[in-house]
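Raw model-v3.pdb, PDB, C-alpha atoms:
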```pdb
ATOM      1  CA  MET A 738      49.804  43.677  61.483  1.00  0.00           C
ATOM      2  CA  LYS A 739      46.592  45.462  60.584  1.00  0.00           C
ATOM      3  CA  PRO A 740      44.766  44.357  57.428  1.00  0.00           C
ATOM      4  CA  ASN A 741      45.397  46.347  54.245  1.00  0.00           C
ATOM      5  CA  GLN A 742      41.804  47.620  54.224  1.00  0.00           C
ATOM      6  CA  TYR A 743      42.518  49.489  57.475  1.00  0.00           C
ATOM      7  CA  TYR A 744      45.214  51.530  55.733  1.00  0.00           C
ATOM      8  CA  ILE A 745      43.139  52.080  52.598  1.00  0.00           C
ATOM      9  CA  ASP A 746      40.161  53.277  54.656  1.00  0.00           C
ATOM     10  CA  ASN A 747      42.357  55.723  56.590  1.00  0.00           C
ATOM     11  CA  ILE A 748      43.932  57.041  53.390  1.00  0.00           C
ATOM     12  CA  LYS A 749      40.473  57.663  51.937  1.00  0.00           C
ATOM     13  CA  LEU A 750      39.420  59.500  55.112  1.00  0.00           C
ATOM     14  CA  PHE A 751      42.618  61.547  55.013  1.00  0.00           C
ATOM     15  CA  VAL A 752      42.195  62.504  51.355  1.00  0.00           C
ATOM     16  CA  ASN A 753      38.524  63.379  51.882  1.00  0.00           C
ATOM     17  CA  GLU A 754      39.480  65.624  54.800  1.00  0.00           C
ATOM     18  CA  TYR A 755      42.601  67.353  53.422  1.00  0.00           C
ATOM     19  CA  PHE A 756      42.219  67.094  49.627  1.00  0.00           C
ATOM     20  CA  PRO A 757      38.474  66.555  49.001  1.00  0.00           C
ATOM     21  CA  GLU A 758      38.429  67.957  45.460  1.00  0.00           C
ATOM     22  CA  THR A 759      41.406  65.942  44.191  1.00  0.00           C
ATOM     23  CA  PRO A 760      40.163  63.799  41.304  1.00  0.00           C
ATOM     24  CA  HIS A 761      43.024  61.273  41.159  1.00  0.00           C
ATOM     25  CA  VAL A 762      44.540  59.368  44.102  1.00  0.00           C
ATOM     26  CA  LEU A 763      47.113  56.577  43.850  1.00  0.00           C
ATOM     27  CA  LEU A 764      48.646  54.561  46.701  1.00  0.00           C
ATOM     28  CA  THR A 765      52.208  53.624  45.860  1.00  0.00           C
ATOM     29  CA  GLY A 766      55.522  52.811  47.543  1.00  0.00           C
ATOM     30  CA  SER A 767      56.084  49.776  49.736  1.00  0.00           C
ATOM     31  CA  PHE A 768      52.370  49.238  50.455  1.00  0.00           C
ATOM     32  CA  ASN A 769      51.983  46.704  47.635  1.00  0.00           C
ATOM     33  CA  THR A 770      55.219  44.874  48.447  1.00  0.00           C
ATOM     34  CA  PRO A 771      56.303  42.283  51.005  1.00  0.00           C
ATOM     35  CA  PHE A 772      58.432  45.008  52.626  1.00  0.00           C
ATOM     36  CA  PHE A 773      55.433  46.945  53.973  1.00  0.00           C
ATOM     37  CA  ASN A 774      55.026  46.877  57.751  1.00  0.00           C
ATOM     38  CA  GLU A 775      53.262  48.897  60.456  1.00  0.00           C
ATOM     39  CA  SER A 776      56.108  51.427  60.663  1.00  0.00           C
ATOM     40  CA  SER A 777      56.179  52.066  56.893  1.00  0.00           C
ATOM     41  CA  ASP A 778      54.964  55.360  55.564  1.00  0.00           C
ATOM     42  CA  LEU A 779      52.109  55.467  53.090  1.00  0.00           C
ATOM     43  CA  ASP A 780      53.089  57.066  49.793  1.00  0.00           C
ATOM     44  CA  ILE A 781      50.168  58.771  48.081  1.00  0.00           C
ATOM     45  CA  ILE A 782      50.173  60.471  44.691  1.00  0.00           C
ATOM     46  CA  LEU A 783      47.527  63.123  44.149  1.00  0.00           C
ATOM     47  CA  ILE A 784      47.026  64.486  40.654  1.00  0.00           C
ATOM     48  CA  SER A 785      45.388  67.819  41.276  1.00  0.00           C
ATOM     49  CA  ASN A 786      43.824  70.477  39.099  1.00  0.00           C
ATOM     50  CA  TRP A 787      44.192  72.960  42.011  1.00  0.00           C
ATOM     51  CA  HIS A 788      47.998  73.082  42.115  1.00  0.00           C
ATOM     52  CA  ARG A 789      50.414  74.523  39.548  1.00  0.00           C
ATOM     53  CA  ASP A 790      53.599  72.922  40.888  1.00  0.00           C
ATOM     54  CA  SER A 791      54.654  69.504  42.119  1.00  0.00           C
ATOM     55  CA  PHE A 792      55.421  69.202  45.824  1.00  0.00           C
ATOM     56  CA  VAL A 793      55.780  66.664  48.613  1.00  0.00           C
ATOM     57  CA  GLU A 794      54.347  66.982  52.137  1.00  0.00           C
ATOM     58  CA  SER A 795      54.368  64.635  55.096  1.00  0.00           C
ATOM     59  CA  TYR A 796      51.414  64.129  57.428  1.00  0.00           C
ATOM     60  CA  ASP A 797      50.639  62.153  60.542  1.00  0.00           C
ATOM     61  CA  TYR A 798      47.011  61.045  60.345  1.00  0.00           C
ATOM     62  CA  ASN A 799      45.450  58.713  62.919  1.00  0.00           C
ATOM     63  CA  GLY A 800      48.962  57.582  63.843  1.00  0.00           C
ATOM     64  CA  LEU A 801      49.866  56.759  60.242  1.00  0.00           C
ATOM     65  CA  LYS A 802      52.755  58.428  58.434  1.00  0.00           C
ATOM     66  CA  MET A 803      51.669  59.655  55.012  1.00  0.00           C
ATOM     67  CA  GLN A 804      53.904  61.126  52.358  1.00  0.00           C
ATOM     68  CA  VAL A 805      51.817  63.000  49.811  1.00  0.00           C
ATOM     69  CA  ILE A 806      53.198  63.745  46.358  1.00  0.00           C
ATOM     70  CA  VAL A 807      51.057  66.325  44.571  1.00  0.00           C
ATOM     71  CA  LEU A 808      51.371  66.529  40.792  1.00  0.00           C
ATOM     72  CA  PRO A 809      49.626  69.190  38.682  1.00  0.00           C
ATOM     73  CA  LEU A 810      47.013  67.807  36.305  1.00  0.00           C
ATOM     74  CA  TYR A 811      47.640  70.453  33.647  1.00  0.00           C
ATOM     75  CA  ASP A 812      51.276  69.300  33.277  1.00  0.00           C
ATOM     76  CA  ILE A 813      51.152  65.593  34.102  1.00  0.00           C
ATOM     77  CA  ASP A 814      52.690  64.634  30.749  1.00  0.00           C
ATOM     78  CA  GLY A 815      55.500  67.144  31.345  1.00  0.00           C
ATOM     79  CA  VAL A 816      56.090  65.848  34.881  1.00  0.00           C
ATOM     80  CA  ILE A 817      56.462  62.297  33.571  1.00  0.00           C
ATOM     81  CA  TYR A 818      58.632  63.375  30.638  1.00  0.00           C
ATOM     82  CA  ARG A 819      61.001  65.434  32.821  1.00  0.00           C
ATOM     83  CA  ASP A 820      61.295  62.605  35.359  1.00  0.00           C
ATOM     84  CA  VAL A 821      62.325  60.205  32.606  1.00  0.00           C
ATOM     85  CA  ALA A 822      64.566  62.730  30.829  1.00  0.00           C
ATOM     86  CA  LYS A 823      66.535  63.199  34.043  1.00  0.00           C
ATOM     87  CA  GLY A 824      67.099  59.438  34.152  1.00  0.00           C
ATOM     88  CA  ARG A 825      64.917  58.778  37.182  1.00  0.00           C
ATOM     89  CA  GLY A 826      61.775  56.992  36.047  1.00  0.00           C
ATOM     90  CA  ALA A 827      60.373  57.148  39.595  1.00  0.00           C
ATOM     91  CA  ILE A 828      57.017  58.532  38.473  1.00  0.00           C
ATOM     92  CA  ILE A 829      56.707  55.805  35.806  1.00  0.00           C
ATOM     93  CA  SER A 830      57.445  53.185  38.468  1.00  0.00           C
ATOM     94  CA  MET A 831      54.903  54.605  40.929  1.00  0.00           C
ATOM     95  CA  LEU A 832      52.192  54.874  38.266  1.00  0.00           C
ATOM     96  CA  ALA A 833      52.875  51.335  37.018  1.00  0.00           C
ATOM     97  CA  LYS A 834      52.848  49.696  40.458  1.00  0.00           C
ATOM     98  CA  GLY A 835      50.394  51.876  42.380  1.00  0.00           C
ATOM     99  CA  LEU A 836      46.897  51.059  43.590  1.00  0.00           C
ATOM    100  CA  ILE A 837      44.235  53.418  42.240  1.00  0.00           C
ATOM    101  CA  LEU A 838      41.991  54.730  45.035  1.00  0.00           C
ATOM    102  CA  ARG A 839      40.166  57.488  43.134  1.00  0.00           C
ATOM    103  CA  ASP A 840      40.045  58.117  39.407  1.00  0.00           C
ATOM    104  CA  ARG A 841      37.200  60.407  38.413  1.00  0.00           C
ATOM    105  CA  ASN A 842      37.714  60.361  34.644  1.00  0.00           C
ATOM    106  CA  HIS A 843      39.986  57.327  34.277  1.00  0.00           C
ATOM    107  CA  LEU A 844      43.189  59.343  33.866  1.00  0.00           C
ATOM    108  CA  LEU A 845      45.111  57.127  36.292  1.00  0.00           C
ATOM    109  CA  ARG A 846      43.844  53.997  34.580  1.00  0.00           C
ATOM    110  CA  HIS A 847      45.086  55.393  31.264  1.00  0.00           C
ATOM    111  CA  LEU A 848      48.463  56.437  32.716  1.00  0.00           C
ATOM    112  CA  LYS A 849      48.844  53.037  34.378  1.00  0.00           C
ATOM    113  CA  GLN A 850      48.145  51.286  31.062  1.00  0.00           C
ATOM    114  CA  GLN A 851      50.787  53.444  29.367  1.00  0.00           C
ATOM    115  CA  CYS A 852      53.410  53.217  32.119  1.00  0.00           C
ATOM    116  CA  THR A 853      53.188  49.518  33.022  1.00  0.00           C
ATOM    117  CA  PRO A 854      54.773  48.124  29.831  1.00  0.00           C
ATOM    118  CA  VAL A 855      57.374  50.905  29.776  1.00  0.00           C
ATOM    119  CA  PHE A 856      58.343  50.114  33.375  1.00  0.00           C
ATOM    120  CA  ALA A 857      58.337  46.352  32.698  1.00  0.00           C
ATOM    121  CA  ASN A 858      60.729  46.786  29.743  1.00  0.00           C
ATOM    122  CA  GLY A 859      63.210  48.672  31.870  1.00  0.00           C
ATOM    123  CA  ASP A 860      64.860  51.462  29.898  1.00  0.00           C
ATOM    124  CA  THR A 861      62.198  54.153  30.296  1.00  0.00           C
ATOM    125  CA  ARG A 862      64.476  56.870  29.006  1.00  0.00           C
ATOM    126  CA  LYS A 863      65.110  55.136  25.695  1.00  0.00           C
ATOM    127  CA  GLN A 864      61.438  54.244  25.196  1.00  0.00           C
ATOM    128  CA  LEU A 865      59.909  57.615  26.017  1.00  0.00           C
ATOM    129  CA  LEU A 866      62.501  59.928  24.556  1.00  0.00           C
ATOM    130  CA  ALA A 867      62.874  58.112  21.230  1.00  0.00           C
TER     131      ALA A 867
END
```
As structure tokens, the full file:
Amino acid sequence: MKPNQYYIDNIKLFVNEYFPETPHVLLTGSFNTPFFNESSDLDIILISNWHRDSFVESYDYNGLKMQVIVLPLYDIDGVIYRDVAKGRGAIISMLAKGLILRDRNHLLRHLKQQCTPVFANGDTRKQLLA
């Protein structure tokens, strides 16, 4: 299997080519787990000030499968709140466990600090909606 830095370098090239102005980039999913292998996709969260809605797109870049989740910066608190309110907590999990690749004004660092203990304690819905 290729070293992790190979994947990180390719993700950075991909983001610089397709989303150069995106201020916040987080690598999440199976990458930071023992389940990651060469056929795994790379899950990337982009928090963007250029998009008004959340969306997911898939890309093939240099033979790597990338799933890009774009979240709007202006409504990031609302995105997290709605995810938790619907009983999912997927965004909290991704923010807590993800690897920060770009964080221009430390927003991801702040979100990670807020989400990590909530995720670790389990019941995100009870904690955030109380």
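Atom to atom, atom CA of A:Asp820 and atom CA of A:Leu808 stand 12.0 Å apart.
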What does the PyMOL selection byres ((chain A and resi 767-773) around 12) select in this file, as a compact mmCIF listing (two decimals) with C-alpha atoms, in the coordinates of the input?
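Written file, out_32.txt:
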```txt
# COMPACT_ATOMS: atom_id res chain seq x y z
CA MET A 738 49.80 43.68 61.48
CA LYS A 739 46.59 45.46 60.58
CA PRO A 740 44.77 44.36 57.43
CA ASN A 741 45.40 46.35 54.24
CA GLN A 742 41.80 47.62 54.22
CA TYR A 744 45.21 51.53 55.73
CA ILE A 745 43.14 52.08 52.60
CA ILE A 748 43.93 57.04 53.39
CA LEU A 763 47.11 56.58 43.85
CA LEU A 764 48.65 54.56 46.70
CA THR A 765 52.21 53.62 45.86
CA GLY A 766 55.52 52.81 47.54
CA ASN A 774 55.03 46.88 57.75
CA GLU A 775 53.26 48.90 60.46
CA SER A 776 56.11 51.43 60.66
CA SER A 777 56.18 52.07 56.89
CA ASP A 778 54.96 55.36 55.56
CA LEU A 779 52.11 55.47 53.09
CA ASP A 780 53.09 57.07 49.79
CA ILE A 781 50.17 58.77 48.08
CA MET A 803 51.67 59.66 55.01
CA GLN A 804 53.90 61.13 52.36
CA SER A 830 57.44 53.18 38.47
CA MET A 831 54.90 54.60 40.93
CA ALA A 833 52.88 51.34 37.02
CA LYS A 834 52.85 49.70 40.46
CA GLY A 835 50.39 51.88 42.38
CA LEU A 836 46.90 51.06 43.59
CA ILE A 837 44.24 53.42 42.24
```
For this session: May I have the protein, DNA and RNA residues with an atom at most 12 Å from (41.8, 62.2, 54.9), counting all atoms listed in the file in the file's coordinates, returned as a ChimeraX atom specification?
Result: /A:744-759,762,781,796-799,801,803,805
For this session: Grab the atom CA of A:Ala827 to atom CA of A:Val855 distance for me, in Å with one decimal place.
Result: 12.0 Å
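Atom CA of A:His843 lies 25.4 Å from atom CA of A:Ala822.
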For this session: Identify all residues satisfying the PyMOL selection byres ((chain A and resi 787) around 10) in the given file; provide them as a VMD selection string.
Result: chain A and resid 756 758 to 759 784 to 786 788 to 790 807 to 811
Test item: residues at most 12 Å from A:Gly859, all atoms listed in the file, excluding those fewer than 4 positions along its chain, as a PDB file with C-alpha atoms, in the coordinates of the input:
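Dumped everything to out.pdb:
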```pdb
ATOM      1  CA  VAL A 821      62.325  60.205  32.606  1.00  0.00           C
ATOM      2  CA  GLY A 824      67.099  59.438  34.152  1.00  0.00           C
ATOM      3  CA  ARG A 825      64.917  58.778  37.182  1.00  0.00           C
ATOM      4  CA  GLY A 826      61.775  56.992  36.047  1.00  0.00           C
ATOM      5  CA  ALA A 827      60.373  57.148  39.595  1.00  0.00           C
ATOM      6  CA  ILE A 829      56.707  55.805  35.806  1.00  0.00           C
ATOM      7  CA  SER A 830      57.445  53.185  38.468  1.00  0.00           C
ATOM      8  CA  ALA A 833      52.875  51.335  37.018  1.00  0.00           C
ATOM      9  CA  CYS A 852      53.410  53.217  32.119  1.00  0.00           C
ATOM     10  CA  THR A 853      53.188  49.518  33.022  1.00  0.00           C
ATOM     11  CA  PRO A 854      54.773  48.124  29.831  1.00  0.00           C
ATOM     12  CA  VAL A 855      57.374  50.905  29.776  1.00  0.00           C
ATOM     13  CA  LYS A 863      65.110  55.136  25.695  1.00  0.00           C
ATOM     14  CA  GLN A 864      61.438  54.244  25.196  1.00  0.00           C
ATOM     15  CA  LEU A 865      59.909  57.615  26.017  1.00  0.00           C
TER      16      LEU A 865
END
```
